file entry-v6.csv (CSV, C-alpha atoms)
chain,number,residue,atom,x,y,z
A,7,MET,CA,185.9,10.1,-25.2
A,8,THR,CA,185.2,11.8,-28.5
A,9,ARG,CA,185.3,15.6,-28.4
A,10,PRO,CA,182.1,17.3,-29.5
A,11,THR,CA,181.9,18.4,-33.2
A,12,ARG,CA,178.7,20.5,-32.8
A,13,ILE,CA,177.7,23.3,-30.4
A,14,TYR,CA,174.1,24.4,-29.8
A,15,ILE,CA,174.2,28.0,-28.4
A,16,PHE,CA,170.9,29.0,-26.8
A,17,VAL,CA,170.3,32.7,-27.2
A,18,THR,CA,168.4,35.4,-25.3
A,19,SER,CA,170.7,38.4,-25.1
A,20,ASP,CA,171.1,40.4,-28.3
A,21,SER,CA,174.7,41.4,-27.5
A,22,PRO,CA,177.1,39.5,-29.7
A,23,ASP,CA,180.1,39.6,-27.3
A,24,PRO,CA,179.1,36.7,-25.0
A,25,TYR,CA,178.6,34.4,-28.0
A,26,VAL,CA,181.9,35.5,-29.6
A,27,ASN,CA,183.6,34.4,-26.3
A,28,VAL,CA,181.8,31.1,-26.4
A,29,ILE,CA,182.7,30.4,-30.0
A,30,VAL,CA,186.4,31.3,-29.5
A,31,ILE,CA,186.9,29.1,-26.4
A,32,ALA,CA,184.8,26.3,-27.9
A,33,LEU,CA,187.0,26.3,-31.0
A,34,ARG,CA,190.0,25.8,-28.7
A,35,LEU,CA,188.4,23.0,-26.7
A,36,PHE,CA,186.4,21.0,-29.2
A,37,ASP,CA,186.7,19.8,-32.8
A,38,LEU,CA,183.8,22.0,-34.0
A,39,ARG,CA,182.3,21.6,-37.4
A,40,GLU,CA,178.9,22.9,-36.8
A,41,ILE,CA,177.4,25.9,-34.8
A,42,HIS,CA,173.7,26.1,-34.2
A,43,PHE,CA,172.1,29.2,-32.6
A,44,VAL,CA,168.8,28.3,-30.9
A,45,SER,CA,166.1,30.6,-29.5
A,46,ILE,CA,162.9,29.6,-27.8
A,47,ALA,CA,159.5,31.2,-28.6
A,48,PRO,CA,157.7,32.0,-25.3
A,49,PRO,CA,154.3,30.5,-24.6
A,50,SER,CA,152.6,33.8,-25.6
A,51,GLN,CA,153.9,33.3,-29.1
A,52,VAL,CA,152.8,29.7,-29.5
A,53,ASP,CA,149.5,30.4,-31.2
A,54,GLY,CA,150.0,30.9,-34.9
A,55,TYR,CA,153.6,29.9,-34.8
A,56,ASP,CA,154.5,27.6,-37.6
A,57,GLY,CA,158.1,26.7,-36.6
A,58,SER,CA,159.7,28.8,-39.4
A,59,ASN,CA,162.9,30.7,-38.7
A,60,GLY,CA,162.2,34.1,-40.2
A,61,SER,CA,165.0,36.7,-40.5
A,62,GLY,CA,163.5,38.5,-37.5
A,63,SER,CA,164.0,35.6,-35.1
A,64,PRO,CA,166.4,36.2,-32.1
A,65,ALA,CA,168.6,33.4,-33.3
A,66,ASP,CA,169.0,34.9,-36.8
A,67,GLN,CA,169.7,38.4,-35.3
A,68,VAL,CA,172.3,37.0,-32.9
A,69,ALA,CA,174.0,34.9,-35.6
A,70,ALA,CA,174.3,37.9,-37.9
A,71,ALA,CA,175.7,40.1,-35.1
A,72,VAL,CA,178.2,37.5,-34.1
A,73,ARG,CA,179.5,37.2,-37.7
A,74,ARG,CA,179.8,41.0,-37.9
A,75,ARG,CA,181.7,41.1,-34.6
A,76,LEU,CA,184.1,38.3,-35.5
A,77,GLU,CA,184.8,40.0,-38.9
A,78,GLU,CA,185.5,43.4,-37.4
A,79,LEU,CA,187.7,41.9,-34.6
A,80,SER,CA,189.7,40.0,-37.3
A,81,ARG,CA,190.4,43.5,-38.8
A,82,GLY,CA,191.6,44.7,-35.5
A,83,VAL,CA,188.7,46.9,-34.4
A,84,TYR,CA,185.8,46.8,-31.9
A,85,SER,CA,182.8,49.0,-32.7
A,86,LYS,CA,180.7,50.5,-30.0
A,87,VAL,CA,178.4,53.5,-29.5
A,88,ILE,CA,179.4,56.3,-27.1
A,89,GLU,CA,177.0,59.2,-26.5
A,90,GLY,CA,175.1,58.4,-29.6
A,91,ARG,CA,178.3,58.2,-31.8
A,92,SER,CA,179.6,54.9,-33.3
A,93,ILE,CA,183.4,54.6,-32.9
A,94,ASN,CA,185.9,51.9,-33.7
A,95,VAL,CA,188.3,51.0,-30.9
A,96,PRO,CA,191.6,49.3,-32.0
A,97,ILE,CA,192.5,45.9,-30.3
A,98,ARG,CA,195.9,44.4,-30.0
A,99,PRO,CA,197.3,43.0,-33.3
A,100,GLU,CA,198.1,39.6,-31.7
A,101,ALA,CA,194.4,39.4,-30.5
A,102,ALA,CA,193.2,40.4,-34.0
A,103,ASP,CA,195.2,37.6,-35.6
A,104,LYS,CA,193.5,35.1,-33.3
A,105,TYR,CA,190.1,36.4,-34.1
A,106,LYS,CA,191.0,36.3,-37.8
A,107,SER,CA,191.8,32.6,-37.4
A,108,ALA,CA,188.4,32.1,-35.6
A,109,ALA,CA,186.5,34.0,-38.2
A,110,SER,CA,188.1,32.0,-41.0
A,111,THR,CA,187.3,28.7,-39.2
A,112,VAL,CA,183.6,29.7,-38.8
A,113,ARG,CA,183.4,30.7,-42.5
A,114,ARG,CA,184.7,27.3,-43.5
A,115,MET,CA,182.3,25.4,-41.4
A,116,LYS,CA,179.8,23.2,-43.3
A,117,SER,CA,176.9,24.2,-41.0
A,118,VAL,CA,176.2,27.4,-39.1
A,119,THR,CA,172.4,27.5,-38.6
A,120,THR,CA,169.7,29.2,-36.6
A,121,GLU,CA,166.6,27.6,-35.2
A,122,ARG,CA,163.6,29.0,-33.3
A,123,ILE,CA,161.6,26.4,-31.4
A,124,ARG,CA,158.4,26.6,-29.4
A,125,SER,CA,158.7,26.2,-25.6
A,126,VAL,CA,156.2,23.4,-25.8
A,127,ASP,CA,158.6,21.6,-28.2
A,128,LEU,CA,161.7,22.1,-26.1
A,129,ASP,CA,161.9,18.5,-24.8
A,130,ALA,CA,161.5,17.0,-28.2
A,131,ALA,CA,164.1,19.4,-29.7
A,132,LEU,CA,166.6,18.5,-26.9
A,133,ALA,CA,166.0,14.8,-27.6
A,134,ARG,CA,166.7,15.4,-31.2
A,135,TYR,CA,169.9,17.3,-30.5
A,136,ILE,CA,171.2,14.7,-28.0
A,137,GLY,CA,170.2,11.8,-30.3
A,138,SER,CA,172.5,13.2,-33.0
A,139,GLY,CA,175.5,12.7,-30.7
A,140,GLY,CA,178.7,14.6,-30.4
A,141,ALA,CA,177.2,17.8,-29.2
A,142,VAL,CA,177.9,20.4,-26.5
A,143,PHE,CA,175.2,22.9,-25.3
A,144,ASP,CA,175.9,26.5,-24.3
A,145,VAL,CA,173.6,28.6,-22.1
A,146,THR,CA,176.0,31.5,-21.4
A,147,ALA,CA,173.5,34.3,-22.4
A,148,PHE,CA,170.3,32.4,-21.9
A,149,GLY,CA,167.4,33.6,-19.7
A,150,LYS,CA,167.3,32.1,-16.2
A,151,LYS,CA,163.9,30.4,-16.5
A,152,ASP,CA,164.7,28.8,-19.9
A,153,LEU,CA,168.2,27.8,-18.5
A,154,VAL,CA,166.5,25.9,-15.6
A,155,ASP,CA,164.2,24.2,-18.1
A,156,VAL,CA,167.0,23.1,-20.4
A,157,VAL,CA,169.3,21.8,-17.6
A,158,SER,CA,166.4,19.9,-15.9
A,159,LEU,CA,165.3,18.3,-19.2
A,160,MET,CA,168.9,17.4,-20.0
A,161,LEU,CA,169.3,15.7,-16.6
A,162,SER,CA,166.0,13.8,-17.0
A,163,ARG,CA,167.4,12.4,-20.3
A,164,GLY,CA,170.6,11.2,-18.7
A,165,GLY,CA,172.5,14.4,-18.8
A,166,ALA,CA,174.6,16.1,-21.5
A,167,GLU,CA,177.4,18.6,-21.6
A,168,VAL,CA,175.8,22.0,-20.8
A,169,ARG,CA,178.3,24.8,-20.5
A,170,THR,CA,178.5,28.4,-19.6
A,171,PHE,CA,181.2,31.1,-20.0
A,172,GLU,CA,181.7,33.2,-16.9
A,173,ILE,CA,183.9,36.3,-16.4
A,174,ARG,CA,185.3,36.3,-12.8
A,175,ASN,CA,187.8,38.1,-10.7
A,176,LYS,CA,187.1,41.4,-12.5
A,177,PRO,CA,184.1,43.7,-12.9
A,178,ARG,CA,182.1,43.4,-16.1
A,179,GLU,CA,182.7,46.4,-18.4
A,180,TYR,CA,180.4,45.4,-21.3
A,181,ASN,CA,183.0,46.5,-23.9
A,182,GLU,CA,186.1,45.2,-25.6
A,183,ASN,CA,187.7,44.5,-22.2
A,184,ASP,CA,185.3,41.6,-21.7
A,185,LEU,CA,186.4,39.8,-24.8
A,186,PHE,CA,188.2,36.5,-24.5
A,187,TYR,CA,191.6,37.6,-25.7
A,188,ALA,CA,191.5,40.6,-23.3
A,189,LEU,CA,191.0,38.3,-20.3
A,190,ALA,CA,193.7,36.6,-18.2
A,191,GLU,CA,193.6,32.9,-17.5
A,192,ASP,CA,192.1,33.5,-14.0
A,193,GLN,CA,189.5,35.9,-15.3
A,194,TYR,CA,187.2,33.4,-17.0
A,195,SER,CA,185.8,29.9,-16.7
A,196,TYR,CA,183.9,27.7,-19.1
A,197,SER,CA,182.3,25.2,-16.7
A,198,CYS,CA,179.9,22.3,-17.3
A,199,LEU,CA,176.6,22.8,-15.4
A,200,THR,CA,175.8,19.1,-15.6
A,201,ASP,CA,178.9,18.1,-13.6
A,202,GLY,CA,179.5,18.3,-9.9
A,203,ASP,CA,178.5,16.6,-6.7
A,204,HIS,CA,175.1,18.2,-6.3
A,205,VAL,CA,174.2,17.4,-9.9
A,206,ASP,CA,175.3,13.8,-9.5
A,207,LEU,CA,173.2,13.5,-6.3
A,208,ALA,CA,170.1,14.9,-8.2
A,209,ARG,CA,170.7,12.4,-11.0
A,210,ARG,CA,171.0,9.5,-8.6
A,211,ARG,CA,167.8,10.5,-6.9
A,212,MET,CA,165.9,10.7,-10.2
A,213,THR,CA,167.2,7.3,-11.1
A,214,ALA,CA,166.4,5.8,-7.7
A,215,ARG,CA,162.8,7.1,-7.8
A,216,SER,CA,162.3,5.8,-11.3
A,217,ILE,CA,163.5,2.3,-10.3
A,218,ALA,CA,161.4,2.5,-7.1
A,219,PHE,CA,158.3,3.4,-9.1
A,220,ARG,CA,158.9,0.5,-11.6
A,221,ASN,CA,159.4,-1.9,-8.6
A,222,MET,CA,156.1,-0.8,-7.1
A,223,LEU,CA,154.3,-1.5,-10.4
A,224,TYR,CA,155.9,-4.9,-10.6
A,225,VAL,CA,154.8,-5.8,-7.0
A,226,THR,CA,151.3,-4.6,-7.8
A,227,LEU,CA,151.2,-6.7,-10.9
A,228,LEU,CA,152.5,-9.8,-9.0
A,229,ILE,CA,149.8,-9.3,-6.4
A,230,PHE,CA,147.0,-8.7,-8.9
A,231,LEU,CA,147.6,-11.9,-10.9
A,232,PRO,CA,147.1,-14.4,-8.0
A,233,VAL,CA,144.1,-12.4,-6.7
A,234,LEU,CA,142.5,-12.6,-10.2
A,235,ALA,CA,143.2,-16.3,-10.3
A,236,VAL,CA,141.6,-17.0,-6.9
A,237,GLN,CA,138.6,-14.8,-7.8
A,238,PHE,CA,138.1,-16.8,-10.9
A,239,LEU,CA,138.8,-20.4,-9.6
A,240,TRP,CA,137.7,-20.2,-5.9
A,241,PRO,CA,135.2,-17.4,-5.5
A,242,LYS,CA,133.5,-16.8,-2.1
A,243,SER,CA,136.0,-19.2,-0.4
A,244,TRP,CA,138.2,-18.7,2.7
A,245,LEU,CA,141.2,-18.7,0.4
A,246,GLN,CA,139.7,-15.8,-1.6
A,247,THR,CA,139.2,-13.8,1.6
A,248,MET,CA,142.7,-14.5,2.9
A,249,ILE,CA,144.4,-13.7,-0.5
A,250,VAL,CA,142.4,-10.5,-1.1
A,251,GLY,CA,143.2,-9.3,2.5
A,252,LEU,CA,146.9,-10.1,2.2
A,253,ALA,CA,147.1,-8.5,-1.3
A,254,THR,CA,145.4,-5.3,-0.1
A,255,ALA,CA,147.8,-5.0,2.8
A,256,VAL,CA,150.9,-5.5,0.7
A,257,SER,CA,149.7,-3.1,-2.0
A,258,VAL,CA,149.0,-0.4,0.5
A,259,ALA,CA,152.4,-0.9,2.2
A,260,THR,CA,154.2,-0.9,-1.1
A,261,TRP,CA,152.8,2.5,-2.1
A,262,LEU,CA,153.0,4.0,1.4
A,263,LEU,CA,156.6,3.0,2.2
A,264,PRO,CA,158.3,5.7,0.0
A,265,ILE,CA,156.1,8.4,1.6
A,266,LEU,CA,156.8,7.2,5.2
A,267,ARG,CA,160.6,7.1,4.4
A,268,LYS,CA,160.4,10.8,3.3
A,269,GLY,CA,158.7,11.7,6.6
call {"tool": "encode", "arguments": {"input": "entry-v6.csv", "output": "structure tokens"}}
result
Amino acid sequence: MTRPTRIYIFVTSDSPDPYVNVIVIALRLFDLREIHFVSIAPPSQVDGYDGSNGSGSPADQVAAAVRRRLEELSRGVYSKVIEGRSINVPIRPEAADKYKSAASTVRRMKSVTTERIRSVDLDAALARYIGSGGAVFDVTAFGKKDLVDVVSLMLSRGGAEVRTFEIRNKPREYNENDLFYALAEDQYSYSCLTDGDHVDLARRRMTARSIAFRNMLYVTLLIFLPVLAVQFLWPKSWLQTMIVGLATAVSVATWLLPILRKG
């Protein structure tokens, strides 16, 4: 299986640290050549929205903050504000070297973009992303409602690699101690949300229901054609009465059977 070359990072949080962690681990796991930051305009902002990605969009702000964070980490410092004062905290030299490598790789990438899409256009945007092939999707710092929408739509389109970075086995500190190279191997995971037994079960159910619906349509069509022929060729005959009665019974049974099975 070909490793992804593009990552779509869906953004909600304005803190750069979760996205830095995602980029660092994604560079280790995949052959990334493109990074795309994506934000979703809520329904309240649909009116008058022209699809442009102004410098004030969340995706643009996150992308700029991530670049700044990567650059300062590559210089061996982590900036933060304590009691209203901005200070630089030094990080380990070996970690700084690794961030320097990551920052250099990002700078050399042919495509690091931002995009803001309307919520009503989410399905079409996902179809476009998936259709381009070779992509992984990250929802680490994405809002819960939008996350559910993205994963559901992905599953309805056959699934895709949707991942999330999670800090575990330690309390979150929201500072330099939550950065990737400060974590031990057992203190993080980068799991795929579209894998697992429950997701496979949901996918099979959606497929089965889709097939069942198509079959019901086929049965209905097969019944309709002989009824139409009898109505045209032998109207008001005993054959018409029998065929229409039989067709009605079979049609009702075909559409009721799935409901009765659920009960």
call {"tool": "atom_distance", "arguments": {"input": "entry-v6.csv", "atom1": "atom CA of A:Asp144", "atom2": "atom CA of A:Thr200"}}
result
11.4 Å
call {"tool": "residues_near_point", "arguments": {"input": "entry-v6.csv", "point": "(175.7, 15.5, -21.1)", "cutoff": "12 Å", "atoms": "only C-alpha atoms", "output": "ChimeraX atom specification"}}
result
/A:10,132-133,135-137,139-144,156-169,198-201,205-206,209
call {"tool": "closest_residue", "arguments": {"input": "entry-v6.csv", "among": "A:Val112, A:Ile93, A:Ile88, A:Val28", "to": "A:Phe16", "atoms": "all atoms listed in the file"}}
result
A:Val28
call {"tool": "residues_around", "arguments": {"input": "entry-v6.csv", "residues": "stretch 177-189 of chain A", "least_positions_apart": "2", "cutoff": "9 Å", "atoms": "only C-alpha atoms", "output": "ChimeraX atom specification"}}
result
/A:23-24,26-28,30-31,84-86,95,97-98,101-102,104-105,173-175,191-194
call {"tool": "write_last_selection", "arguments": {"input": "entry-v6.csv", "atoms": "C-alpha atoms", "output": "CSV table (one decimal), in the frame of the given file"}}
result
chain,number,residue,atom,x,y,z
A,23,ASP,CA,180.1,39.6,-27.3
A,24,PRO,CA,179.1,36.7,-25.0
A,26,VAL,CA,181.9,35.5,-29.6
A,27,ASN,CA,183.6,34.4,-26.3
A,28,VAL,CA,181.8,31.1,-26.4
A,30,VAL,CA,186.4,31.3,-29.5
A,31,ILE,CA,186.9,29.1,-26.4
A,84,TYR,CA,185.8,46.8,-31.9
A,85,SER,CA,182.8,49.0,-32.7
A,86,LYS,CA,180.7,50.5,-30.0
A,95,VAL,CA,188.3,51.0,-30.9
A,97,ILE,CA,192.5,45.9,-30.3
A,98,ARG,CA,195.9,44.4,-30.0
A,101,ALA,CA,194.4,39.4,-30.5
A,102,ALA,CA,193.2,40.4,-34.0
A,104,LYS,CA,193.5,35.1,-33.3
A,105,TYR,CA,190.1,36.4,-34.1
A,173,ILE,CA,183.9,36.3,-16.4
A,174,ARG,CA,185.3,36.3,-12.8
A,175,ASN,CA,187.8,38.1,-10.7
A,191,GLU,CA,193.6,32.9,-17.5
A,192,ASP,CA,192.1,33.5,-14.0
A,193,GLN,CA,189.5,35.9,-15.3
A,194,TYR,CA,187.2,33.4,-17.0
call {"tool": "closest_residue", "arguments": {"input": "entry-v6.csv", "among": "A:Arg75, A:Lys176, A:Arg34, A:His42", "to": "A:Thr120", "atoms": "all atoms listed in the file"}}
result
A:His42
call {"tool": "residues_around", "arguments": {"input": "entry-v6.csv", "residues": "A:Arg114", "least_positions_apart": "4", "cutoff": "10 Å", "atoms": "only C-alpha atoms", "output": "JSON, numbers by chain"}}
result
{"A": [39, 40, 108, 109, 110, 118]}
call {"tool": "atom_distance", "arguments": {"input": "entry-v6.csv", "atom1": "atom CA of A:Gly82", "atom2": "atom CA of A:Glu100"}}
result
9.1 Å
call {"tool": "atom_distance", "arguments": {"input": "entry-v6.csv", "atom1": "atom CA of A:Ala147", "atom2": "atom CA of A:Ile13"}}
result
14.2 Å
call {"tool": "closest_residue", "arguments": {"input": "entry-v6.csv", "among": "A:Tyr25, A:Asp127, A:Pro48, A:Val68", "to": "A:Thr170", "atoms": "all atoms listed in the file"}}
result
A:Tyr25
call {"tool": "closest_residue", "arguments": {"input": "entry-v6.csv", "among": "A:Met115, A:Val17, A:Ala47, A:Leu128", "to": "A:Gln67", "atoms": "all atoms listed in the file"}}
result
A:Val17
call {"tool": "closest_residue", "arguments": {"input": "entry-v6.csv", "among": "A:Pro22, A:Leu33, A:Thr11, A:Ser125", "to": "A:Leu79", "atoms": "only C-alpha atoms"}}
result
A:Pro22
call {"tool": "closest_residue", "arguments": {"input": "entry-v6.csv", "among": "A:Ser107, A:Ser195, A:Ser80, A:Ser117", "to": "A:Ile41", "atoms": "all atoms listed in the file"}}
result
A:Ser117
